[in-house]
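K.L.:
Supplied in structure tokens, the structure appears directly below.
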4 protein chains.
Amino acid sequence: MVHLESDYNNGAHDAVLRHLIDTNAERTQSYGDDRFSQQARQLIRDACQAPRAEVYFLAGGTQTNATMIDCTLQPYEGVLCAETAHINVHEAGAVEFTGHKVIPLPHREGKLAADDVRRWLEAYCADDTAEHMVRPGMVYLTFPTELGTLYSADELTALHSVCRQYGLLLYVDGARLAYGLAASADVTLPFLAQTADLFYIGGTKCGALCGEAVVFPQGHVPSHMLSRIKRHGSLLAKSRVVGVQFEALFLGGLYFTIGREAVRQAMQLRRLFVDELGYQPYIDSPTNQQFYVIPNADLDRLRRHVGFEVWCPVDAAHTACRFVTSWATTDDELRRLQALKHPS
Amino acid sequence: MVHLESDYNNGAHDAVLRHLIDTNAERTQSYGDDRFSQQARQLIRDACQAPRAEVYFLAGGTQTNATMIDCTLQPYEGVLCAETAHINVHEAGAVEFTGHKVIPLPHREGKLAADDVRRWLEAYCADDTAEHMVRPGMVYLTFPTELGTLYSADELTALHSVCRQYGLLLYVDGARLAYGLAASADVTLPFLAQTADLFYIGGTKCGALCGEAVVFPQGHVPSHMLSRIKRHGSLLAKSRVVGVQFEALFLGGLYFTIGREAVRQAMQLRRLFVDELGYQPYIDSPTNQQFYVIPNADLDRLRRHVGFEVWCPVDAAHTACRFVTSWATTDDELRRLQALKHPS
Amino acid sequence: MVHLESDYNNGAHDAVLRHLIDTNAERTQSYGDDRFSQQARQLIRDACQAPRAEVYFLAGGTQTNATMIDCTLQPYEGVLCAETAHINVHEAGAVEFTGHKVIPLPHREGKLAADDVRRWLEAYCADDTAEHMVRPGMVYLTFPTELGTLYSADELTALHSVCRQYGLLLYVDGARLAYGLAASADVTLPFLAQTADLFYIGGTKCGALCGEAVVFPQGHVPSHMLSRIKRHGSLLAKSRVVGVQFEALFLGGLYFTIGREAVRQAMQLRRLFVDELGYQPYIDSPTNQQFYVIPNADLDRLRRHVGFEVWCPVDAAHTACRFVTSWATTDDELRRLQALKHPS
Amino acid sequence: MVHLESDYNNGAHDAVLRHLIDTNAERTQSYGDDRFSQQARQLIRDACQAPRAEVYFLAGGTQTNATMIDCTLQPYEGVLCAETAHINVHEAGAVEFTGHKVIPLPHREGKLAADDVRRWLEAYCADDTAEHMVRPGMVYLTFPTELGTLYSADELTALHSVCRQYGLLLYVDGARLAYGLAASADVTLPFLAQTADLFYIGGTKCGALCGEAVVFPQGHVPSHMLSRIKRHGSLLAKSRVVGVQFEALFLGGLYFTIGREAVRQAMQLRRLFVDELGYQPYIDSPTNQQFYVIPNADLDRLRRHVGFEVWCPVDAAHTACRFVTSWATTDDELRRLQALKHPS
């Protein structure tokens with residue numbers, strides 16, 4: 001059985017685990033002042049080429065989205081996103097819990113188009129009743145998206161430009177950032193740091209046991225950020241836990257290696273499923289989340305060999321299924337999947 | 001100048017004002033225990049043919065929606081509505097402020113279709129990740145809608161039936177209920193009381209200075225409702241203010257008279273605009289909100305005669321405009337509008 | 001039976017009601033843009049000698065407190081108040097509903113002492129863990145207090161000075177402001193406007209059917225205030241309702257006359273209860289709320305003549321009771337209370 | 001330099017770390033369905049002798065308190081606690097952020113007395129205005145307290161009994177539960193499971209890298225708990241991280257060993273500070289948090305040898321300081337502290 005259900009069905013990358021072991025005996029400060037968090041922050045600043053960046057470490061993705069959206073928006077502001085966005089669909093209302101409206105716009109392969117955002121904002125601004133509506137305060141996007149797709153540098157620049165024009169923050173949810181950076185032709189961490197007002201570098205799905213690193217590239221941070229984060233229950237007392245892991249992830253570029261490996265294997269997977277097994281892609285994803293249209297008649301046989309997630313029905317006879325590689329996927333696992341080519 | 005901008009550009013209906021005057025000297029209990037609120041509750045129970053109904057009086061519409069949605073939903077539940085619904089568009093996020101997601105569905109002339117709701121619920125229930133999503137807890141609709149349209153009794157019954165099947169509350173926002181009841185062929189107050197789990201009878205737009213009456217027809221009220229309402233800042237100390245007005249509105253059926261008069265005048269208005277002036281209706285509204293497609297070239301001339309609200313652009317040369325009658329609209333005002341037939 | 005249970009057991013002052021009648025036929029703008037609200041705002045600016053003041057009209061007291069505290073504080077800030085403060089005791093958690101901590105300090109006859117506030121702030125600032133605590137953002141006080149007592153001008157100045165030094169807002173809840181101004185030796189509306197960052201002028205308990213006027217004397221108002229207020233469900237569509245009433249209250253100084261009359265009658269009441277009936281004051285209140293220590297044996301007889309509120313037990317044989325005069329209390333009522341001097 | 005600043009200045013207990021290493025390669029389910037979380041839950045049920053207990057794993061303490069208090073209270077309910085309670089002082093308003101009032105009562109050496117709670121509840125229930133107040137829904141206590149003190153079994157039983165009588169939940173914050181259980185004469189985990197409605201077993205401060213285990217001993221869990229937790233941003237995708245650690249902590253009673261060792265060393269510390277160095281205890285704590293009154297003149301010398309936390313000033317010449325042992329404190333460290341006996 002090969003496990004491709006998700007990129008969080010694993011433990012930590014060996015190098016991350018090793019760093020946890022190596023540093024375990026040391027005594028440190030807490031609440032973010034520990035030596036490891038400080039070093040990790042510097043490594044991230046360097047990797048982003050953003051020397052003034054402020055970096056915060058939180059435990060998980062939904063927590064990070066809800067905390068950061070609430071901390072950076074005015075109370076009366078809402079957040080624009082694709083209707084398929086994680087915050088709109090799969091966070092059980094965590095953003096609304098903090099009092100902010102999530103405003104869904106149509107998606108194009110999981111992505112927001114700058115033109116759609118601009119048109120929406122033009123209509124909002126032209127509306128005589130705008131003061132009775134939720135003000136747009138932020139554009140939220142995921143890189144890669146929930147469908148595995150990627151914004152090009154041009155697309156991000158266009159979104160950045162709309163945000164600047166209308167005074168909105170651009171926030172990038174990078175839960176799977178390692179895989180996005182590895183697959184992108186032109187989006188790099190420094191590019192992201194120049195383009196987004198804030199973003200997070202996902203750890204949980206990219207090699208860490210847990211943890212996400214929020215980056216404010218220009219260092220423009222809301223007042224009393226520590227109190228704000230604690231008030232959301234998102235401040236870790238033993239902050240070193242995430243600090244140590246991000247130090248490991250950004251020492252020697254491990255984070256990028258992790259991304260590249262998983263994407264390489266996702267492409268192998270695609271060759272198997274599309275070229276050799278003859279399945280159609282449900283969507284053309286260049287990253288570690290792969291979606292194929294599986295005949296319902298094949299589902300049971302598939303399930304005996306590989307763990308995956310049913311995504312949605314396509315038609316009466318076909319189902320879209322998601323197969324996810326990660327840093328933990330091994331070449332041996334992919335070899336074993338070759339068995340799918342033979343009747344069983 | 002004839003004022004058709006809204007149905008809240010006026011004071012109170014004479015009979016309501018007179019009752020405020022007649023009762024002014026009396027001393028009463030507070031926080032809903034006053035004699036007038038008690039009498040008004042009984043009159044409303046009678047009009048609804050719902051002897052066990054519980055009735056609460058609040059000050060305004062957005063307050064009523066946010067308070068009642070929050071009081072009746074579980075914290076993790078959201079509310080389904082048409083994308084054009086007041087709570088989704090024009091309440092500045094008051095429902096999200098209370099922590100609940102507003103889930104917009106496509107509208108058909110401002111209305112939710114039971115089939116669309118059912119399909120959405122089926123998909124939700126079939127989704128393996130449903131526990132990570134906001135649970136649907138309520139269907140919200142307006143009667144009449146924001147576009148002046150009306151649900152038929154059959155349409156409401158179908159929505160009621162979907163709600164029963166999936167365990168959702170059916171909530172009807174009756175900010176303009178008087179006008180809806182007056183124009184409907186088959187929806188009556190007793191019918192509404194049998195079909196909705198809760199609804200409110202609008203006062204502010206239907207003859208009162210201020211105030212809305214929330215009705216729980218079956219008497220199924222959340223625990224400690226008074227504390228809940230007060231916690232939302234929605235409990236009036238001097239509750240008689242709204243009690244007296246609703247007593248007046250439901251004595252001798254004034255509320256229904258008010259509705260009929262405004263609808264009669266809306267139909268006169270339609271004859272003038274459509275039959276005599278040759279404008280197209282933007283939407284076919286049988287109630288006091290009328291929408292016509294006005295050539296942009298006519299807008300200025302129109303503005304010299306009549307106050308109205310620009311609704312939205314239709315095309316480069318036409319604009320949809322809203323004209324609203326109310327209990328306060330006079331026959332004389334409609335007569336003066338005849339001037340529109342002559343060039344000026 | 002004479003009704004002294006509360007100052008909201010009545011309708012509206014005759015002059016307020018008359019103005020509602022006189023203006024009823026006029027058509028107006030909404031959401032605060034109506035002519036009456038504009039005129040009332042100017043009258044209030046004049047009475048406050050605060051030409052740049054911004055004024056907002058809301059429906060009730062708890063709504064006003066919760067909305068304004070939430071709108072002016074940062075999300076992570078709390079509000080300091082006397083432990084007896086209305087927001088701490090009798091608002092069902094409306095402030096906490098908006099996410100802010102109410103921080104109670106000991107009271108002295110219902111009042112906060114500037115020295116107590118200063119000591120608390122010094123300790124907070126000296127605390128190494130302050131970032132883990134709720135930041136103090138505001139001092140809340142009531143004028144008059146819940147016990148009928150009054151701050152002197154010196155006491156308010158001292159509180160103002162502590163607030164300035166530590167960067168806190170000073171907010172005065174004036175639900176019964178008319179009675180406080182009438183009884184104070186040295187606190188005037190212009191003084192209040194110079195001393196508080198924001199305060200509200202109570203209407204509901206001081207002559208209006210409903211409504212409170214929030215004043216930002218220096219005009220320093222949070223961004224997008226209309227959206228903020230609407231989001232709290234506190235924006236009245238038919239804003240004229242409160243605007244007309246405050247115009248009446250501030251035309252020719254009616255608000256001050258109302259206060260003086262009720263205080264004059266409260267002093268008459270005190271003569272009767274203390275000098276003639278021999279009861280002890282529970283607290284020395286110069287305003288319209290009077291508190292006396294009543295032997296339990298007398299309670300039933302008292303109840304046959306006068307409506308009042310049981311405040312709290314004093315000892316096994318005595319109960320503190322509250323008797324409240326208002327603009328609606330008549331000389332005839334006070335005459336009828338003379339019957340208490342004769343056994344019955 | 002010996003580090004006694006806190007019990008979260010360390011990594012993980014060796015056995016916990018080893019279990020993370022040993023299980024790292026395995027692929028698991030997520031969101032609490034992983035094998036390790038299931039096993040850890042069973043071990044905790046066994047240790048609690050509570051076969052029907054429901055157990056949830058969260059990341060940190062403040063998060064756990066805010067999430068669980070909000071999930072188990074009605075929206076209009078508040079939580080009673082000692083004024084020194086963590087939720088009242090050091091969580092930056094995280095409970096109020098969820099809309100609930102924290103109601104502080106006087107403390108006795110950091111503890112709530114059942115009699116004080118009862119008296120408060122009697123007064124609340126006797127109050128005619130109770131519906132205008134926040135309803136008490138829960139008693140919150142810490143075991144051990146913020147001052148290191150412990151409730152006896154009798155004291156907990158008395159609190160349980162008050163809670164039963166008045167319909168309140170009893171919630172025990174066990175951030176340092178290991179140390180409390182080790183030092184208590186009569187409170188055991190099964191006793192706690194019989195006495196509290198819910199409690200959490202602290203991991204972060206008791207041997208884990210991160211994580212807390214919430215126990216509902218009777219299995220009475222609010223509906224849709226997973227959605228509730230996720231809505232608070234408190235649901236870990238890679239739940240195994242905490243599951244593995246709690247499995248290690250409860251295999252072979254490690255959790256109890258950890259507690260005993262730290263308490264043994266705290267008692268050694270006390271002998272040194274009180275018997276040998278002659279300092280006065282600030283409070284008589286039997287657990288791993290020790291508080292001594294240090295002459296200000298000694299502070300600098302002390303700081304050269306040992307890390308500690310300044311607690312509060314005692315008088316002009318003395319300061320209360322906190323010294324904390326943990327599972328990570330070594331005998332060698334305590335030996336090195338003997339140097340304090342010699343002038344330096």
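Residues in the structure tokens are numbered from 1 in each chain, the chains being A, B, ... in the order shown, and ligands are numbered from 1 in the order shown.
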Please build the interface table for chain C against chain A with a cut-off of 7 Å, listing for each qualifying residue the nearest atom pair and the distance in Å to one decimal; count only C-alpha atoms, order rows by chain and increasing number, and write it as CSV.
P.N.:
residue,atom,partner,partner_atom,distance
C:Tyr76,CA,A:Arg228,CA,6.0
C:Glu131,CA,A:Ser227,CA,5.5
C:His132,CA,A:Ser227,CA,5.9
C:Leu226,CA,A:Glu131,CA,6.7
C:Ser227,CA,A:Glu131,CA,5.5
C:Arg228,CA,A:Tyr76,CA,6.0
K.L.:
Excluding Val172 (chain C) and any residue of its chain fewer than 6 positions from it, enumerate the residues within 7 Å of it, using only C-alpha atoms, and give them as a list in words.
P.N.:
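So the residues in contact are Tyr140, Leu141, Thr142, Phe143, Ala196, Leu198, Phe199 and Tyr200 of chain C.
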K.L.:
Keeping only N, CA and C atoms, write those residues as an mmCIF file, in the first residue's frame.
P.N.:
data_model
loop_
_atom_site.group_PDB
_atom_site.id
_atom_site.type_symbol
_atom_site.label_atom_id
_atom_site.label_comp_id
_atom_site.auth_asym_id
_atom_site.auth_seq_id
_atom_site.Cartn_x
_atom_site.Cartn_y
_atom_site.Cartn_z
ATOM 1 N N TYR C 140 -13.581 53.724 31.620
ATOM 2 C CA TYR C 140 -15.041 53.927 31.479
ATOM 3 C C TYR C 140 -15.586 54.401 32.804
ATOM 4 N N LEU C 141 -16.392 55.436 32.766
ATOM 5 C CA LEU C 141 -17.100 55.822 33.990
ATOM 6 C C LEU C 141 -18.502 56.288 33.632
ATOM 7 N N THR C 142 -19.352 56.256 34.621
ATOM 8 C CA THR C 142 -20.737 56.701 34.440
ATOM 9 C C THR C 142 -20.929 58.001 35.207
ATOM 10 N N PHE C 143 -21.675 58.912 34.608
ATOM 11 C CA PHE C 143 -21.923 60.206 35.243
ATOM 12 C C PHE C 143 -23.391 60.532 35.074
ATOM 13 N N ALA C 196 -13.470 64.482 28.412
ATOM 14 C CA ALA C 196 -13.640 63.109 27.927
ATOM 15 C C ALA C 196 -13.240 63.011 26.454
ATOM 16 N N LEU C 198 -14.657 60.643 24.574
ATOM 17 C CA LEU C 198 -15.993 60.429 24.016
ATOM 18 C C LEU C 198 -16.955 60.222 25.166
ATOM 19 N N PHE C 199 -18.197 60.555 24.931
ATOM 20 C CA PHE C 199 -19.221 60.355 25.962
ATOM 21 C C PHE C 199 -20.559 60.289 25.256
ATOM 22 N N TYR C 200 -21.547 59.765 25.981
ATOM 23 C CA TYR C 200 -22.862 59.848 25.356
ATOM 24 C C TYR C 200 -23.859 60.559 26.249
#
K.L.:
Mind running region 176-256 of chain D against region 203-218 of chain A at 10 Å and telling me each contacting residue's nearest atom pair with the distance in Å (one decimal), counting only C-alpha atoms, chain and number ascending, as a Markdown table?
P.N.:
| residue | atom | partner | partner_atom | distance |
| --- | --- | --- | --- | --- |
| D:Cys210 | CA | A:Cys210 | CA | 9.8 |
| D:Leu236 | CA | A:Cys210 | CA | 8.3 |
| D:Ala237 | CA | A:Thr204 | CA | 8.1 |
| D:Lys238 | CA | A:Thr204 | CA | 7.2 |
| D:Ser239 | CA | A:Cys210 | CA | 9.2 |
| D:Arg240 | CA | A:Leu209 | CA | 8.9 |
| D:Val241 | CA | A:Leu209 | CA | 6.3 |
| D:Val242 | CA | A:Leu209 | CA | 9.5 |
K.L.:
Quick check for you: according to DSSP on this backbone, which residues of region 25-271 of chain B are classed as strand (DSSP E)? Reply as an MDAnalysis selection string.
P.N.:
chainID B and resid 54:58 77:82 102:105 135:142 169:174 198:202 212:216
K.L.:
Write the residues of the selection above to a file with C-alpha atoms, as a short mmCIF file (atom, residue, chain, number, x, y, z; two decimals), in the first residue's frame.
P.N.:
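Result file out01.cif:
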data_model
loop_
_atom_site.label_atom_id
_atom_site.label_comp_id
_atom_site.auth_asym_id
_atom_site.auth_seq_id
_atom_site.Cartn_x
_atom_site.Cartn_y
_atom_site.Cartn_z
CA GLU B 54 -43.20 33.88 21.39
CA VAL B 55 -42.65 37.44 20.21
CA TYR B 56 -39.69 39.77 20.78
CA PHE B 57 -39.47 43.45 19.87
CA LEU B 58 -36.20 44.90 18.61
CA GLU B 77 -23.33 26.82 11.79
CA GLY B 78 -23.79 29.14 8.84
CA VAL B 79 -26.74 30.56 7.04
CA LEU B 80 -27.68 29.86 3.41
CA CYS B 81 -29.20 32.69 1.42
CA ALA B 82 -29.53 34.15 -2.04
CA VAL B 102 -23.14 33.68 5.28
CA ILE B 103 -23.22 31.15 2.44
CA PRO B 104 -24.53 32.71 -0.77
CA LEU B 105 -26.36 30.64 -3.38
CA ARG B 135 -22.39 23.38 8.74
CA PRO B 136 -25.55 24.77 7.21
CA GLY B 137 -27.93 25.60 10.05
CA MET B 138 -30.47 27.95 8.52
CA VAL B 139 -32.05 29.12 5.30
CA TYR B 140 -32.59 32.87 5.27
CA LEU B 141 -34.95 34.54 2.89
CA THR B 142 -36.62 37.91 2.56
CA LEU B 169 -34.19 26.46 10.46
CA LEU B 170 -36.20 28.52 8.00
CA TYR B 171 -35.96 32.22 8.80
CA VAL B 172 -37.93 34.88 6.98
CA ASP B 173 -36.79 38.51 7.07
CA GLY B 174 -40.00 40.49 6.82
CA LEU B 198 -38.90 32.23 12.93
CA PHE B 199 -39.59 35.44 11.07
CA TYR B 200 -39.88 39.09 11.76
CA ILE B 201 -42.66 41.49 11.05
CA GLY B 202 -41.08 44.73 9.92
CA GLU B 212 -39.40 44.96 14.40
CA ALA B 213 -41.36 42.05 15.89
CA VAL B 214 -39.64 38.67 15.87
CA VAL B 215 -42.02 35.73 15.94
CA PHE B 216 -41.20 32.16 16.98
#
K.L.:
Which neighbours of Gly259 (chain A) fall inside 8 Å, counting only C-alpha atoms, when residues of the same chain fewer than 3 positions from it are skipped, and could you give them as a ChimeraX atom specification?
P.N.:
/A:178-182,206,255-256,262-263,326-327
K.L.:
Write out the residues from the selection above, keeping N, CA and C atoms, as a PDB file, in the first residue's frame.
P.N.:
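The resulting file, out-v4.pdb, is reproduced below:
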ATOM      1  N   ALA A 178       6.755  25.106  -0.530  1.00  0.00           N
ATOM      2  CA  ALA A 178       7.941  24.409  -1.047  1.00  0.00           C
ATOM      3  C   ALA A 178       7.641  23.788  -2.408  1.00  0.00           C
ATOM      4  N   TYR A 179       6.480  23.180  -2.534  1.00  0.00           N
ATOM      5  CA  TYR A 179       6.132  22.491  -3.776  1.00  0.00           C
ATOM      6  C   TYR A 179       5.826  23.505  -4.875  1.00  0.00           C
ATOM      7  N   GLY A 180       5.256  24.632  -4.500  1.00  0.00           N
ATOM      8  CA  GLY A 180       4.967  25.669  -5.475  1.00  0.00           C
ATOM      9  C   GLY A 180       6.243  26.297  -6.011  1.00  0.00           C
ATOM     10  N   LEU A 181       7.145  26.631  -5.118  1.00  0.00           N
ATOM     11  CA  LEU A 181       8.405  27.244  -5.552  1.00  0.00           C
ATOM     12  C   LEU A 181       9.187  26.290  -6.447  1.00  0.00           C
ATOM     13  N   ALA A 182       9.140  24.998  -6.115  1.00  0.00           N
ATOM     14  CA  ALA A 182       9.899  24.018  -6.899  1.00  0.00           C
ATOM     15  C   ALA A 182       9.342  23.881  -8.317  1.00  0.00           C
ATOM     16  N   CYS A 206       5.446  20.479   4.572  1.00  0.00           N
ATOM     17  CA  CYS A 206       6.702  20.566   3.808  1.00  0.00           C
ATOM     18  C   CYS A 206       7.917  20.177   4.638  1.00  0.00           C
ATOM     19  N   TYR A 255      14.561  23.324   2.458  1.00  0.00           N
ATOM     20  CA  TYR A 255      13.162  23.560   2.096  1.00  0.00           C
ATOM     21  C   TYR A 255      12.952  23.442   0.586  1.00  0.00           C
ATOM     22  N   PHE A 256      13.929  23.917  -0.180  1.00  0.00           N
ATOM     23  CA  PHE A 256      13.802  23.882  -1.636  1.00  0.00           C
ATOM     24  C   PHE A 256      14.039  22.473  -2.175  1.00  0.00           C
ATOM     25  N   ALA A 262       9.595  16.246  -4.185  1.00  0.00           N
ATOM     26  CA  ALA A 262       8.174  15.882  -4.236  1.00  0.00           C
ATOM     27  C   ALA A 262       7.581  16.172  -5.608  1.00  0.00           C
ATOM     28  N   VAL A 263       8.029  17.254  -6.213  1.00  0.00           N
ATOM     29  CA  VAL A 263       7.513  17.606  -7.532  1.00  0.00           C
ATOM     30  C   VAL A 263       8.049  16.614  -8.584  1.00  0.00           C
ATOM     31  N   SER A 326       4.932  13.967  -1.391  1.00  0.00           N
ATOM     32  CA  SER A 326       5.527  14.895  -0.419  1.00  0.00           C
ATOM     33  C   SER A 326       7.009  14.582  -0.312  1.00  0.00           C
ATOM     34  N   TRP A 327       7.712  15.303   0.547  1.00  0.00           N
ATOM     35  CA  TRP A 327       9.116  15.010   0.836  1.00  0.00           C
ATOM     36  C   TRP A 327       9.281  13.549   1.278  1.00  0.00           C
TER      37      TRP A 327
END
K.L.:
How far is it from CA of Leu269 (chain D) to CA of Tyr151 (chain D), in Å with one decimal?
P.N.:
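These atoms are spaced 22.1 Å apart.
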K.L.:
Could you tell me how far CA of His100 (chain A) sits from CA of Ala94 (chain C), in Å to one decimal place?
P.N.:
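According to the coordinates, CA of Ala94 (chain C) and CA of His100 (chain A) are separated by 18.8 Å.
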K.L.:
Rounded to one decimal in Å, what is the spacing between CA of Phe323 (chain B) and CA of His107 (chain B)?
P.N.:
21.6 Å
K.L.:
Using only C-alpha atoms, which of C:Leu4, C:Val306, C:Leu73, C:Ala266 sits nearest Gly148 (chain C)?
P.N.:
C:Ala266
